[in-house]
Every structure is written in C-alpha cells, then in structure tokens.
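**Student:** Following this message is one structure expressed as structure tokens.
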Amino acid sequence: MLQYKIIPVTPFQQNATLIWCDQTMEGAIIDAGGETPRLLAEAQNHGIKLTKLLLTHSHVDHAGGTQDIADSLSLPIEGPHKDDQFWIDIFDHQIKQFGFPGARVFKTNRWLEGGDTVTVGNETLEVYFCPGHTPGHIVFFHRESKLAQVGDVLFRGSIGRTDFPKGDQATLVNAIKTQLWPLGDDVKFIPGHGPMGTFGEERRTNPYVRDN
C-alpha cells in the first residue's frame with residue numbers, strides 16, 4: 001500500500017507530503033516547498049529511498065525546495081502541467097515577492113497531463129488536470145487507498161485563490177466538480193495547506209462547490 005506523511009514546511013505551512021511504497025520502500029516528495037534538510041531527514045528516518053519529486057503546481061511555496069533536492073540526489077522532477085510554465089518564468093519574482101530567499105527555480109523532467117500516471121515503487125498515482133488556481137495545476141490520486149493530493153485546488157471549507165495572474169474561479173469550480181467529485185465521496189484529500197478532508201464532506205458543506 002501507499003504510505004504517506006504530511007510535513008508542513010516554511011512560514012506558509014505548506015503540506016509537503018512524503019509518500020512511499022511499503023513493499024519497495026521507494027518514495028517521492030510531493031510539493032517540496034522548502035526546509036529541504038528536514039524533508040530529507042524524514043525520508044531517511046523512515047528508511048525511504050527517494051526516486052522522484054512530484055509537483056502539483058509552480059507557486060514558490062510548493063516548489064521552492066524542489067531543485068535543491070533534485071540536484072542533491074539526482075532525482076527527476078515530474079509535473080506540473082506545461083501551462084504552469086508561466087509561473088516558472090517568473091519564479092525569481094515569486095521568490096522576492098513572497099520572501100523565499102533559499103528557493104530556486106526548478107526545471108521539470110516530465111510535464112504531466114490529465115490521464116497520465118506516475119509510479120512510486122509498486123504504487124500508481126493517476127493524474128487529473130485541475131486548472132483555475134494556476135493554469136497548469138494537477139492533482140495526484142491513489143485509487144487503491146482513495147487518497148488525493150490536491151495542492152491548492154481544494155481546502156476544507158474553501159477553494160484555492162483565483163486572484164493571481166491566470167487564475168479563474170469558474171474554471172477552478174468546474175475542475176473540482178468534473179474531475180474530483182466523480183472519484184467518490186469517500187476519497188480523503190491532502191490540501192496544500194491545512195487539515196485533510198473528504199470529497200463527500202466538501203460536497204455537502206463547502207460554500208464554493210457544494211451540491212445545490
């Protein structure tokens with residue numbers, strides 16, 4: 001089975017997530033936003049061999065530490081969708097604007113699209129394209145454990161901000177309803193910030209995306 005540990009990093013308390021296959025003990029970090037020594041120590045303490053880094057989108061609080069880890073361990077970076085190149089192009093501006101002096105611009109090894117899959121050990125993650133917060137945002141879904149890593153698409157009681165450049169609330173709401181809800185009410189999700197939730201609870205109570 002796929003195992004996971006949520007590790008909030010940086011003053012933004014972004015939910016970097018260490019995932020691994022408990023058969024092979026191969027793993028990945030989703031959204032390594034910073035505090036790279038701490039993330040690497042967590043992997044080592046769990047006996048995990050990191051094989052790749054995954055990104056839901058290209059905002060600096062989610063991606064700032066990714067290239068450092070990739071360089072130090074010679075790991076490939078997979079994700080996000082190519083439409084997030086816009087945010088990579090202004091990554092240095094993000095670093096200055098949001099105060100991430102240790103962050104570095106990253107270069108992905110594999111753009112991901114809806115319908116793609118990513119392997120971690122013997123486990124497979126499905127990729128769903130969910131733009132709106134950023135134009136190239138994706139979600140990772142592990143079907144066997146009914147677990148989704150949704151980045152900044154969805155939060156408990158809220159959705160991602162859409163007031164950034166190339167953000168669009170109607171696009172985001174449509175992505176949530178058409179891409180995520182069909183996965184099932186019992187799916188647990190790890191948001192980019194804050195506590196976990198379930199799709200069913202958000203469909204009932206979230207004012208932005210609840211069922212009418």
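The chains in the structure tokens are called A, B, ... from first to last as shown; in each chain the residues are counted from 1, and the ligands are counted from 1 in the order shown.
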Residues at most 9 Å from Gly64 (chain A), counting only C-alpha atoms, excluding those fewer than 5 positions away in the same chain, as a ChimeraX atom specification?

**Tutor:** /A:31-34,58-59,91,95,100,102-106

**Student:** Name all residues at most 7 Å from region 183-191 of chain A (count only C-alpha atoms; drop same-chain ones fewer than 4 positions away) and give them as number ranges by chain.

**Tutor:** A: 146-152, 154-155, 196-200

**Student:** Would you please give, as a ChimeraX atom specification, all residues of region 2-206 of chain A that DSSP assigns to strand (DSSP E or B) based on the backbone?

**Tutor:** /A:2-9,14-21,26-30,49-54,77-78,110,117-120,123-129,138-142,147-151,154-155,158-159,188-191,193,197-198

**Student:** If you run DSSP over the backbone, which residues in region 160-205 of chain A end up alpha helix (DSSP H)? Put them as a list in words.

**Tutor:** Gln169, Ala170, Thr171, Leu172, Val173, Asn174, Ala175, Phe199, Gly200, Glu201, Glu202, Arg203, Arg204 and Thr205 of chain A

**Student:** How far is it from CA of Gly115 (chain A) to CA of Val9 (chain A), in Å with one decimal?

**Tutor:** 29.3 Å

**Student:** Can you work out which one of A:Phe98, A:Phe164, A:Tyr4, A:Phe141 has the shortest atom-to-atom distance to Asp116 (chain A), counting only C-alpha atoms?

**Tutor:**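 Residue with the minimum atom-to-atom distance to Asp116 (chain A): A:Phe141.
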